[in-house]
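Novice: Before I ask anything, let me first share the structure, which is written out below as structure tokens.
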4 protein chains.
Amino acid sequence: MTRDAPTDNVERQAFYDAIEPENLRALWSVMGAIITPQPRSDCVPVKWGYTQVRERLIEAGALISAREAERRVLILENPGLRGTSKATTSLYCGVQCVMPGEVAPAHRHTQSALRFVLESEGGYTSVGGERTDMHYGDFVITPSWEWHDHGNTGDAPVFWLDGLDIPLVQFLDASFAEGYADERQPVTAPPGDTLARYGANMLPLDYARAAPTSPIFNYRYARSREALESLRARDEWDPCHGLKMRYVNPLDGGWAMPTIGACLQLLPEGFSTQPYRSTDATVFVGVEGRGRAAIEGHPYAWGPRDVFIVPSWHEVVHEATEDAVLFSYSDRPAQEKLGLWRERRGNR
Amino acid sequence: MTRDAPTDNVERQAFYDAIEPENLRALWSVMGAIITPQPRSDCVPVKWGYTQVRERLIEAGALISAREAERRVLILENPGLRGTSKATTSLYCGVQCVMPGEVAPAHRHTQSALRFVLESEGGYTSVGGERTDMHYGDFVITPSWEWHDHGNTGDAPVFWLDGLDIPLVQFLDASFAEGYADERQPVTAPPGDTLARYGANMLPLDYARAAPTSPIFNYRYARSREALESLRARDEWDPCHGLKMRYVNPLDGGWAMPTIGACLQLLPEGFSTQPYRSTDATVFVGVEGRGRAAIEGHPYAWGPRDVFIVPSWHEVVHEATEDAVLFSYSDRPAQEKLGLWRERRGNR
Amino acid sequence: MTRDAPTDNVERQAFYDAIEPENLRALWSVMGAIITPQPRSDCVPVKWGYTQVRERLIEAGALISAREAERRVLILENPGLRGTSKATTSLYCGVQCVMPGEVAPAHRHTQSALRFVLESEGGYTSVGGERTDMHYGDFVITPSWEWHDHGNTGDAPVFWLDGLDIPLVQFLDASFAEGYADERQPVTAPPGDTLARYGANMLPLDYARAAPTSPIFNYRYARSREALESLRARDEWDPCHGLKMRYVNPLDGGWAMPTIGACLQLLPEGFSTQPYRSTDATVFVGVEGRGRAAIEGHPYAWGPRDVFIVPSWHEVVHEATEDAVLFSYSDRPAQEKLGLWRERRGNR
Amino acid sequence: MTRDAPTDNVERQAFYDAIEPENLRALWSVMGAIITPQPRSDCVPVKWGYTQVRERLIEAGALISAREAERRVLILENPGLRGTSKATTSLYCGVQCVMPGEVAPAHRHTQSALRFVLESEGGYTSVGGERTDMHYGDFVITPSWEWHDHGNTGDAPVFWLDGLDIPLVQFLDASFAEGYADERQPVTAPPGDTLARYGANMLPLDYARAAPTSPIFNYRYARSREALESLRARDEWDPCHGLKMRYVNPLDGGWAMPTIGACLQLLPEGFSTQPYRSTDATVFVGVEGRGRAAIEGHPYAWGPRDVFIVPSWHEVVHEATEDAVLFSYSDRPAQEKLGLWRERRGNR
């Protein structure tokens, strides 16, 4: 790990060969590879332009129905993690398309999902008996093991980004899933119910909830955007993040999801951040304006709906040539709970 | 996931080929493999007899010094996870040997480690300036990012089992490690200091600790064993576990380590448990007596110091033909914090 | 405590007399009075009609300026607790009046205060450098040890109800207070700043706060009222409370203040609650409509801005002859933290 | 509060008289008395020599039986709080005596109680079906609402100090109490059961407990004393406290009781502390050696089993002319939970 690996010789090699059938392996021959001085990830920086992804989804719309696909999604697969369906080592990212009139049928799974809405006139998600309309920039959660289905009552295709903890759940061998008897769950709650109940800094007296996910499942963009603007009014810019806020579970003030942390961030025109690195590889999505992320010195220009990834412990510098807004998500909540999250600010 | 996967045809295959260079993949072609109805792990049940592992370590002692190896350890590698140095998908297991007079030099890493002592007359571990003697059955912790070195001042080789969260830290891209300037850290605390301070159900007034690991780093076997015996006196047998206790962090009552949960369990002569399954794949180590674990119906007989693994969601039934004690560890704390842990008791 | 007190006789009385100068007292002679089978409070049910209180405050306006009074407040003193300035055994209640152009000068104290606004066109409170306009029904907090001043920029007198934990802080001997150098603290934040920052179910990334009070200090009535209305839409009436919500600290989901719990509650026209009692004596304030509270069978009719008190462990039944809204506060958070809070629902 | 109180005049006095029948009082006339710049307590420093208290209890033994008294206790009543049965404003203190063969009959109450054992050969307390022998210096808890009875199977009278939160529970109007059907509750657990179970830094797997009090109910003096000695070995003396440890609830690392904090503290021969003051008035009990407490400059010499009180925000300096041990308790846990606890170290 911290010294040069021992040199192999004939006797040692013979020993390695002898013990392999016994399901034994010499730690000293692999220690440097599994306990590294710094994160040494196969995950690489990468960007997807939205135009191209959208075109491919339109093509996919002609090839397969939402019903047959169950979910018509193109996975954004990290080129350093080929064949794994992963965006980062622990998280999944895809873009979903629902055509007018289609339904993505109801199912549930232990994987937690977030949706960040990219285009929607008439898109909706139903969770726990409530149907929420989806609009550009909304942050929508489908909690672990909750029934959910999606649909499109409008005239144009609907698109959103899906962020899930599929690799994490797979890694922990904790995946459960099942389909719902019907295509759609019944709608039993009025629209906006959970936001009105849990989003007004009040809670029903004696309300308790065992699940670790926020009961709010649609954080409206207009409201989140306004919160950023209010921070701007006091000029408290974080040198590494600009104005960055996290979506919060009103029941405990923690992250809105147990495994995935999601944030919205404003970079004002002309702002350039200090270098920053952290152990949580992060998926960024452009929301407003245009900017440039320099990841370990390599520039990635982005505009609205583009997606790019900053791997673990890769230095990033953000620049905004106009007022710009980024959505992002990572596994920071998981790393924090496990005592593993680290960051380095500036050039130290 | 919940239905049959869509059938591929020529057009779809052409589409898959076209999008691959764009780092895109059709979710519907892989969904059933990544979101499974139940945990579908490559991790398999397996047992290592201690005699054989011990012999191999004695051989290794002739091939390489502790100093050159840094740690003279044989990894117990799960045969279903070949080439990964993993015991389960998320955890590592090895057996370490320190020869008389040797020192395993000081280093630190973000990976958390536990030691369960298998043979020791003169073995020791130093953590945070305190050196603790290691005796059979002791549960010793080296917390994340704490300097630690080991040695053997006795006349016979010392052996212990190492349990670490190496795969988990690797998966999260959060590995940091460094070597200490000297072979050994200086000893600044009297022996037994942390146990006396933090182990007597008292804490120094105004004591605070940021780290999520127990400040006790040697849970003596005699004391833990006595706690089991006191439970026995009230006959409160858990149908699935016998008498099972978890090692606790006195600062918060939680698990002793942030990522790994460790337990000691007594199965009385003639006891046979109800079937049990849970999502945390578990490494078991025989401590006293002899028993048999039926894992999905396949029997694994074990005696003192033998190691066996029950993968995620595999049904296990324990039987003890004489009074028997098992040590075990798993990633249950991580799964609980992430909202993913599940168990099923009995034949439901 | 649970039996008849021992009979006193001449020898015993002589003994009591002998030990008194030694600061000793026989427990058996007082045990029944200090450890009672049920709460046995001097606090009694009582109601104040707003019209009368308001008139008295107008009178007071002619007798003393806000500057001279520091706070022009009439304490609502419980008639069972005469001379103590208490509304309940642990909490204080008053009604404050600020005349046009007046300022209630800046000070701070360890006592936590809430304001429930009764009449205000131009009333304001400043806390932590932010000035908030006060409107009917707003729930405003001045946290422990924060500078605060009030004023009135309108043309009519402003009135609000003050709820403080003065008796509790006094009881614990933990009162600290000091005046500000100037009459008013400087305003450094834009209006609505804290609500925009902390009230939108988002938090600035890496925001931490040591204080146990909500960072939101004005919970607007319109928003709270709307939350109640959304509960009504799902018809989930609590048999003892109607629709009752508590004001929440967004940082942890707990009560908005560390010692005082505040709630807003909707009773629909014609609703009559089941009997209810709890150990937290409660101050109720009428907000909308009219209703009647039967406290241990004695009716108290109330309308907007009237105040009434339900002592600890007194049975209360609420009736609403029209849609009615009540604000209330009690020491429930304190009792919960100390493991002392109890309730009894129905006639059990 | 922070200025001179307004001068009363004839009109004002007439107003005060007029509003009194309306249960109103002018805040400005009392504000300085109820919101003080610093704690202004009626609680005064005081010491009780054990010899005298013991003699009085022997006398009481001739006047009343434990059965008739229910508890034969002399309350140590603070001379500044005459007639209130209080030691400090929020806590109670008494010394209890059980004669050979006597039983103090079983009852329960919401008040939490601690016992600090002063003399016992054969004294015992039963809680939750377990009987624990009491020895000098043991810290014994009877949690809120748990049945408990005491007895003496030895040949000499047994004495212990009782510390309860009677005033706090009374203040909050939350007292409940009841007698047990029989004089003694049945003993169903082996001696030492809870300590063995919960005191060894292990917990039964899946153990949960709703109550906020430690499941350990006898913290043995020998063990606590040894913990202090181990701190001494590292010479980490707190300038204001010497070596001071708090009794801990192993389930959460918090104080052993929800309302009362208890500590044991070692002052080495010749040690003199820095001045210290805090808002939690504290009851001290001498355990070993002799020392002197200077409270606001007035010296109180103490020896084994003597009791003295340091009121809120009174400066205390401890001196030990020989190795000395003090037990102490206060309402610090309550004040901390309510956000009210403050301390000042040194002469600032």
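Lettering and numbering for the structure tokens are positional, with chains as A, B, ... in the shown order, residues counted from 1 in each chain, and ligands counted from 1 in the shown order.
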Fewer than 2 positions away in the same chain doesn't count, so skip those; otherwise give me all residues within 6 Å of segment 270-273 of chain A, counting only C-alpha atoms, as a list in words.
Specialist: Pro239, Cys240, Pro268, Val317, His318, Glu319, Ala320 and Thr321 of chain A
Novice: Once you count only C-alpha atoms, what closest atom pair and distance in Å to one decimal does each residue of chain D within 7 Å of chain C have, with rows by chain and rising residue number, as JSON lines?
Specialist:
```
{"residue": "D:Thr2", "atom": "CA", "partner": "C:Gly179", "partner_atom": "CA", "distance": 5.3}
{"residue": "D:Pro6", "atom": "CA", "partner": "C:Glu68", "partner_atom": "CA", "distance": 6.3}
{"residue": "D:Arg12", "atom": "CA", "partner": "C:Leu63", "partner_atom": "CA", "distance": 6.6}
{"residue": "D:Asn23", "atom": "CA", "partner": "C:Glu77", "partner_atom": "CA", "distance": 5.2}
{"residue": "D:Leu24", "atom": "CA", "partner": "C:Leu76", "partner_atom": "CA", "distance": 5.0}
{"residue": "D:Arg25", "atom": "CA", "partner": "C:Ile75", "partner_atom": "CA", "distance": 4.9}
{"residue": "D:Ala26", "atom": "CA", "partner": "C:Leu74", "partner_atom": "CA", "distance": 4.8}
{"residue": "D:Leu27", "atom": "CA", "partner": "C:Val73", "partner_atom": "CA", "distance": 5.4}
{"residue": "D:Trp28", "atom": "CA", "partner": "C:Ala69", "partner_atom": "CA", "distance": 5.3}
{"residue": "D:Ile34", "atom": "CA", "partner": "C:Gln170", "partner_atom": "CA", "distance": 6.8}
{"residue": "D:Ile35", "atom": "CA", "partner": "C:Ser175", "partner_atom": "CA", "distance": 6.2}
{"residue": "D:Thr36", "atom": "CA", "partner": "C:Ser175", "partner_atom": "CA", "distance": 5.7}
{"residue": "D:Pro37", "atom": "CA", "partner": "C:Ala177", "partner_atom": "CA", "distance": 4.3}
{"residue": "D:Gln38", "atom": "CA", "partner": "C:Phe176", "partner_atom": "CA", "distance": 4.5}
{"residue": "D:Pro39", "atom": "CA", "partner": "C:Ser175", "partner_atom": "CA", "distance": 5.0}
{"residue": "D:Arg40", "atom": "CA", "partner": "C:Asp173", "partner_atom": "CA", "distance": 6.8}
{"residue": "D:Ser41", "atom": "CA", "partner": "C:Asp173", "partner_atom": "CA", "distance": 6.0}
{"residue": "D:Leu63", "atom": "CA", "partner": "C:Arg12", "partner_atom": "CA", "distance": 6.6}
{"residue": "D:Glu68", "atom": "CA", "partner": "C:Pro6", "partner_atom": "CA", "distance": 6.3}
{"residue": "D:Ala69", "atom": "CA", "partner": "C:Trp28", "partner_atom": "CA", "distance": 5.3}
{"residue": "D:Arg71", "atom": "CA", "partner": "C:Trp28", "partner_atom": "CA", "distance": 6.7}
{"residue": "D:Arg72", "atom": "CA", "partner": "C:Trp28", "partner_atom": "CA", "distance": 6.9}
{"residue": "D:Val73", "atom": "CA", "partner": "C:Leu27", "partner_atom": "CA", "distance": 5.4}
{"residue": "D:Leu74", "atom": "CA", "partner": "C:Ala26", "partner_atom": "CA", "distance": 4.8}
{"residue": "D:Ile75", "atom": "CA", "partner": "C:Arg25", "partner_atom": "CA", "distance": 4.9}
{"residue": "D:Leu76", "atom": "CA", "partner": "C:Leu24", "partner_atom": "CA", "distance": 5.0}
{"residue": "D:Glu77", "atom": "CA", "partner": "C:Asn23", "partner_atom": "CA", "distance": 5.2}
{"residue": "D:Asn78", "atom": "CA", "partner": "C:Asn23", "partner_atom": "CA", "distance": 6.5}
{"residue": "D:Pro79", "atom": "CA", "partner": "C:Asn23", "partner_atom": "CA", "distance": 6.1}
{"residue": "D:Thr89", "atom": "CA", "partner": "C:Phe171", "partner_atom": "CA", "distance": 6.1}
{"residue": "D:Ser90", "atom": "CA", "partner": "C:Leu172", "partner_atom": "CA", "distance": 6.3}
{"residue": "D:Ile166", "atom": "CA", "partner": "C:Ile34", "partner_atom": "CA", "distance": 6.8}
{"residue": "D:Gln170", "atom": "CA", "partner": "C:Ile34", "partner_atom": "CA", "distance": 6.8}
{"residue": "D:Phe171", "atom": "CA", "partner": "C:Thr89", "partner_atom": "CA", "distance": 6.2}
{"residue": "D:Leu172", "atom": "CA", "partner": "C:Ser90", "partner_atom": "CA", "distance": 6.3}
{"residue": "D:Asp173", "atom": "CA", "partner": "C:Pro39", "partner_atom": "CA", "distance": 5.0}
{"residue": "D:Ala174", "atom": "CA", "partner": "C:Pro39", "partner_atom": "CA", "distance": 5.4}
{"residue": "D:Ser175", "atom": "CA", "partner": "C:Pro39", "partner_atom": "CA", "distance": 5.0}
{"residue": "D:Phe176", "atom": "CA", "partner": "C:Pro37", "partner_atom": "CA", "distance": 4.5}
{"residue": "D:Ala177", "atom": "CA", "partner": "C:Pro37", "partner_atom": "CA", "distance": 4.3}
{"residue": "D:Glu178", "atom": "CA", "partner": "C:Thr2", "partner_atom": "CA", "distance": 5.7}
{"residue": "D:Gly179", "atom": "CA", "partner": "C:Thr2", "partner_atom": "CA", "distance": 5.3}
{"residue": "D:Pro212", "atom": "CA", "partner": "C:Gly339", "partner_atom": "CA", "distance": 6.4}
{"residue": "D:Pro258", "atom": "CA", "partner": "C:Leu338", "partner_atom": "CA", "distance": 5.4}
{"residue": "D:Thr259", "atom": "CA", "partner": "C:Leu338", "partner_atom": "CA", "distance": 5.8}
{"residue": "D:Thr279", "atom": "CA", "partner": "C:Ala174", "partner_atom": "CA", "distance": 5.6}
{"residue": "D:Ser312", "atom": "CA", "partner": "C:Asp173", "partner_atom": "CA", "distance": 6.1}
{"residue": "D:Ala334", "atom": "CA", "partner": "C:Leu338", "partner_atom": "CA", "distance": 6.6}
{"residue": "D:Lys337", "atom": "CA", "partner": "C:Lys337", "partner_atom": "CA", "distance": 6.7}
{"residue": "D:Leu338", "atom": "CA", "partner": "C:Pro258", "partner_atom": "CA", "distance": 5.4}
{"residue": "D:Gly339", "atom": "CA", "partner": "C:Pro212", "partner_atom": "CA", "distance": 6.4}
{"residue": "D:Leu340", "atom": "CA", "partner": "C:Ala174", "partner_atom": "CA", "distance": 6.4}
```
Novice: Mind listing the helix (DSSP H, G or I) residues of segment 97-320 of chain D, per DSSP on the backbone, as a list in words?
Specialist: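 Matching residues, listed in order: Ile166, Pro167, Leu168, Val169, Gln170, Phe171, Asp193, Thr194, Leu195, Ala196, Arg197, Tyr198, Tyr221, Ala222, Arg223, Ser224, Arg225, Glu226, Ala227, Leu228, Glu229, Ser230, Leu231, Arg232 and Ala233 of chain D.
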Novice: Those same residues, written as a compact mmCIF listing (two decimals), in the first residue's frame with N, CA and C atoms?
Specialist:
```txt
# COMPACT_ATOMS: atom_id res chain seq x y z
N ILE D 166 -38.16 15.89 41.91
CA ILE D 166 -39.50 16.21 42.40
C ILE D 166 -39.91 17.65 42.07
N PRO D 167 -39.09 18.65 42.36
CA PRO D 167 -39.53 20.02 42.05
C PRO D 167 -39.77 20.25 40.55
N LEU D 168 -38.95 19.64 39.73
CA LEU D 168 -39.10 19.81 38.28
C LEU D 168 -40.42 19.20 37.80
N VAL D 169 -40.71 18.02 38.27
CA VAL D 169 -41.95 17.34 37.85
C VAL D 169 -43.16 18.09 38.38
N GLN D 170 -43.02 18.58 39.59
CA GLN D 170 -44.09 19.38 40.18
C GLN D 170 -44.31 20.67 39.38
N PHE D 171 -43.22 21.31 39.04
CA PHE D 171 -43.28 22.56 38.27
C PHE D 171 -43.98 22.35 36.93
N ASP D 193 -28.00 -8.86 36.72
CA ASP D 193 -28.43 -9.13 35.35
C ASP D 193 -28.28 -7.92 34.43
N THR D 194 -28.84 -6.80 34.81
CA THR D 194 -28.81 -5.66 33.88
C THR D 194 -27.39 -5.14 33.66
N LEU D 195 -26.58 -5.17 34.70
CA LEU D 195 -25.20 -4.71 34.52
C LEU D 195 -24.45 -5.64 33.56
N ALA D 196 -24.64 -6.93 33.73
CA ALA D 196 -23.97 -7.88 32.84
C ALA D 196 -24.44 -7.72 31.41
N ARG D 197 -25.73 -7.51 31.23
CA ARG D 197 -26.30 -7.35 29.90
C ARG D 197 -25.89 -6.08 29.19
N TYR D 198 -26.00 -4.99 29.90
CA TYR D 198 -25.91 -3.68 29.25
C TYR D 198 -24.62 -2.95 29.60
N TYR D 221 -19.44 1.21 42.66
CA TYR D 221 -18.42 2.20 42.98
C TYR D 221 -17.02 1.74 42.60
N ALA D 222 -16.73 0.48 42.84
CA ALA D 222 -15.37 -0.01 42.57
C ALA D 222 -14.99 0.24 41.11
N ARG D 223 -15.96 -0.02 40.24
CA ARG D 223 -15.71 0.12 38.81
C ARG D 223 -15.58 1.59 38.41
N SER D 224 -16.43 2.41 38.95
CA SER D 224 -16.38 3.84 38.62
C SER D 224 -15.09 4.46 39.15
N ARG D 225 -14.74 4.04 40.36
CA ARG D 225 -13.51 4.55 40.99
C ARG D 225 -12.28 4.18 40.17
N GLU D 226 -12.29 2.97 39.62
CA GLU D 226 -11.18 2.49 38.80
C GLU D 226 -11.07 3.31 37.52
N ALA D 227 -12.21 3.68 36.98
CA ALA D 227 -12.18 4.50 35.76
C ALA D 227 -11.50 5.84 36.05
N LEU D 228 -11.80 6.43 37.20
CA LEU D 228 -11.13 7.68 37.57
C LEU D 228 -9.63 7.47 37.67
N GLU D 229 -9.26 6.37 38.29
CA GLU D 229 -7.83 6.11 38.49
C GLU D 229 -7.11 5.98 37.15
N SER D 230 -7.82 5.42 36.16
CA SER D 230 -7.16 5.28 34.85
C SER D 230 -6.97 6.63 34.19
N LEU D 231 -7.90 7.54 34.41
CA LEU D 231 -7.70 8.89 33.89
C LEU D 231 -6.48 9.52 34.56
N ARG D 232 -6.34 9.27 35.85
CA ARG D 232 -5.22 9.85 36.58
C ARG D 232 -3.89 9.42 35.97
N ALA D 233 -3.89 8.18 35.47
CA ALA D 233 -2.64 7.66 34.90
C ALA D 233 -2.15 8.49 33.72
```
Novice: Would you list the contacts of Asp306 of chain C as a PyMOL selection string, taking every protein, DNA or RNA residue within 9 Å and counting only C-alpha atoms, but skipping same-chain residues closer than 2 positions in sequence?
Specialist: chain C and resi 47-51+284-287+302-304+308
Novice: Dump all heavy atoms for the selected residues as a short mmCIF file (atom, residue, chain, number, x, y, z; two decimals), in the first residue's frame?
Specialist:
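selection-v8.cif was written with the following content:
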```
data_model
loop_
_atom_site.label_atom_id
_atom_site.label_comp_id
_atom_site.auth_asym_id
_atom_site.auth_seq_id
_atom_site.Cartn_x
_atom_site.Cartn_y
_atom_site.Cartn_z
N LYS C 47 -60.27 32.46 30.89
CA LYS C 47 -60.37 33.06 29.56
C LYS C 47 -60.24 34.57 29.66
O LYS C 47 -60.72 35.17 30.63
CB LYS C 47 -61.72 32.73 28.91
CG LYS C 47 -61.77 33.12 27.42
CD LYS C 47 -63.17 33.12 26.88
CE LYS C 47 -63.87 34.45 27.14
NZ LYS C 47 -65.15 34.59 26.41
N TRP C 48 -59.57 35.17 28.71
CA TRP C 48 -59.55 36.63 28.59
C TRP C 48 -60.22 37.01 27.26
O TRP C 48 -59.78 36.54 26.19
CB TRP C 48 -58.11 37.16 28.57
CG TRP C 48 -57.37 37.05 29.86
CD1 TRP C 48 -57.27 37.99 30.83
CD2 TRP C 48 -56.61 35.92 30.32
NE1 TRP C 48 -56.50 37.52 31.88
CE2 TRP C 48 -56.08 36.26 31.59
CE3 TRP C 48 -56.35 34.66 29.80
CZ2 TRP C 48 -55.28 35.38 32.33
CZ3 TRP C 48 -55.56 33.78 30.53
CH2 TRP C 48 -55.04 34.15 31.78
N GLY C 49 -61.23 37.85 27.33
CA GLY C 49 -61.82 38.38 26.10
C GLY C 49 -60.91 39.45 25.54
O GLY C 49 -60.38 40.30 26.29
N TYR C 50 -60.72 39.43 24.23
CA TYR C 50 -59.76 40.34 23.64
C TYR C 50 -60.17 41.80 23.79
O TYR C 50 -59.32 42.68 24.03
CB TYR C 50 -59.56 40.01 22.16
CG TYR C 50 -58.57 40.94 21.49
CD1 TYR C 50 -57.23 40.95 21.89
CD2 TYR C 50 -58.97 41.80 20.48
CE1 TYR C 50 -56.31 41.80 21.29
CE2 TYR C 50 -58.05 42.64 19.87
CZ TYR C 50 -56.73 42.64 20.28
OH TYR C 50 -55.82 43.48 19.69
N THR C 51 -61.44 42.08 23.68
CA THR C 51 -61.91 43.47 23.72
C THR C 51 -61.43 44.18 24.98
O THR C 51 -60.92 45.30 24.93
CB THR C 51 -63.45 43.50 23.67
OG1 THR C 51 -63.88 42.67 22.60
CG2 THR C 51 -63.96 44.91 23.48
N PHE C 284 -54.45 28.77 24.51
CA PHE C 284 -55.12 28.80 23.21
C PHE C 284 -55.47 30.25 22.83
O PHE C 284 -55.82 31.04 23.70
CB PHE C 284 -56.42 28.00 23.24
CG PHE C 284 -56.22 26.50 23.23
CD1 PHE C 284 -56.10 25.80 24.42
CD2 PHE C 284 -56.17 25.80 22.04
CE1 PHE C 284 -55.93 24.41 24.42
CE2 PHE C 284 -56.01 24.42 22.02
CZ PHE C 284 -55.88 23.72 23.22
N VAL C 285 -55.41 30.55 21.54
CA VAL C 285 -55.77 31.87 21.04
C VAL C 285 -56.70 31.67 19.85
O VAL C 285 -56.36 30.95 18.90
CB VAL C 285 -54.52 32.66 20.58
CG1 VAL C 285 -54.91 34.08 20.20
CG2 VAL C 285 -53.44 32.65 21.65
N GLY C 286 -57.87 32.30 19.88
CA GLY C 286 -58.78 32.24 18.75
C GLY C 286 -58.22 33.00 17.56
O GLY C 286 -57.65 34.08 17.73
N VAL C 287 -58.36 32.45 16.38
CA VAL C 287 -57.84 33.12 15.18
C VAL C 287 -58.96 33.40 14.18
O VAL C 287 -59.09 34.51 13.69
CB VAL C 287 -56.73 32.28 14.51
CG1 VAL C 287 -56.01 33.11 13.44
CG2 VAL C 287 -55.74 31.75 15.52
N TRP C 302 -65.31 31.17 22.86
CA TRP C 302 -64.23 32.05 22.41
C TRP C 302 -64.48 32.52 20.97
O TRP C 302 -65.14 31.84 20.18
CB TRP C 302 -62.87 31.37 22.51
CG TRP C 302 -62.76 30.08 21.75
CD1 TRP C 302 -62.95 28.82 22.23
CD2 TRP C 302 -62.46 29.94 20.35
NE1 TRP C 302 -62.79 27.89 21.23
CE2 TRP C 302 -62.48 28.55 20.06
CE3 TRP C 302 -62.17 30.84 19.33
CZ2 TRP C 302 -62.22 28.05 18.79
CZ3 TRP C 302 -61.90 30.34 18.05
CH2 TRP C 302 -61.94 28.94 17.80
N GLY C 303 -63.95 33.68 20.69
CA GLY C 303 -63.96 34.23 19.33
C GLY C 303 -62.56 34.68 18.97
O GLY C 303 -61.61 34.43 19.71
N PRO C 304 -62.41 35.38 17.86
CA PRO C 304 -61.08 35.80 17.39
C PRO C 304 -60.33 36.60 18.45
O PRO C 304 -60.90 37.52 19.06
CB PRO C 304 -61.39 36.66 16.16
CG PRO C 304 -62.67 36.10 15.64
CD PRO C 304 -63.45 35.70 16.86
N PHE C 308 -57.55 31.55 26.07
CA PHE C 308 -57.97 30.74 27.22
C PHE C 308 -56.93 29.66 27.49
O PHE C 308 -56.11 29.32 26.64
CB PHE C 308 -59.36 30.14 27.03
CG PHE C 308 -59.48 29.19 25.87
CD1 PHE C 308 -59.33 27.82 26.06
CD2 PHE C 308 -59.77 29.65 24.60
CE1 PHE C 308 -59.46 26.92 24.99
CE2 PHE C 308 -59.90 28.76 23.53
CZ PHE C 308 -59.74 27.40 23.72
#
```
Novice: So that I can see what lies close to His135 of chain B, please list as a PyMOL selection string the residues with an atom at most 8 Å from it, counting only C-alpha atoms and leaving out residues fewer than 2 positions away in the same chain.
Specialist: chain B and resi 117-121+123+133+137-138+220-221
Novice: Excluding Leu264 of chain C and its own-chain neighbours fewer than 6 positions away, which residues fall within 8 Å of it when counting only C-alpha atoms? Please give them as a list in words.
Specialist: Ser224, Lys244, Met245, Arg246, Tyr247, Val325, Leu326, Phe327 and Ser328 of chain C
Novice: Give the strand (DSSP E) residues of segment 119-230 of chain C, as DSSP finds them on the backbone, and put them as a ChimeraX atom specification.
Specialist: /C:119,123-127,130-133,139-142,148-152,158-164,177-179,202-204,218-219
Novice: Hey, can you check how far atom CA of Pro105 of chain D sits from atom CA of Pro143 of chain D?
Specialist: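 Computed distance, atom CA of Pro105 of chain D to atom CA of Pro143 of chain D, equals 16.3 Å.
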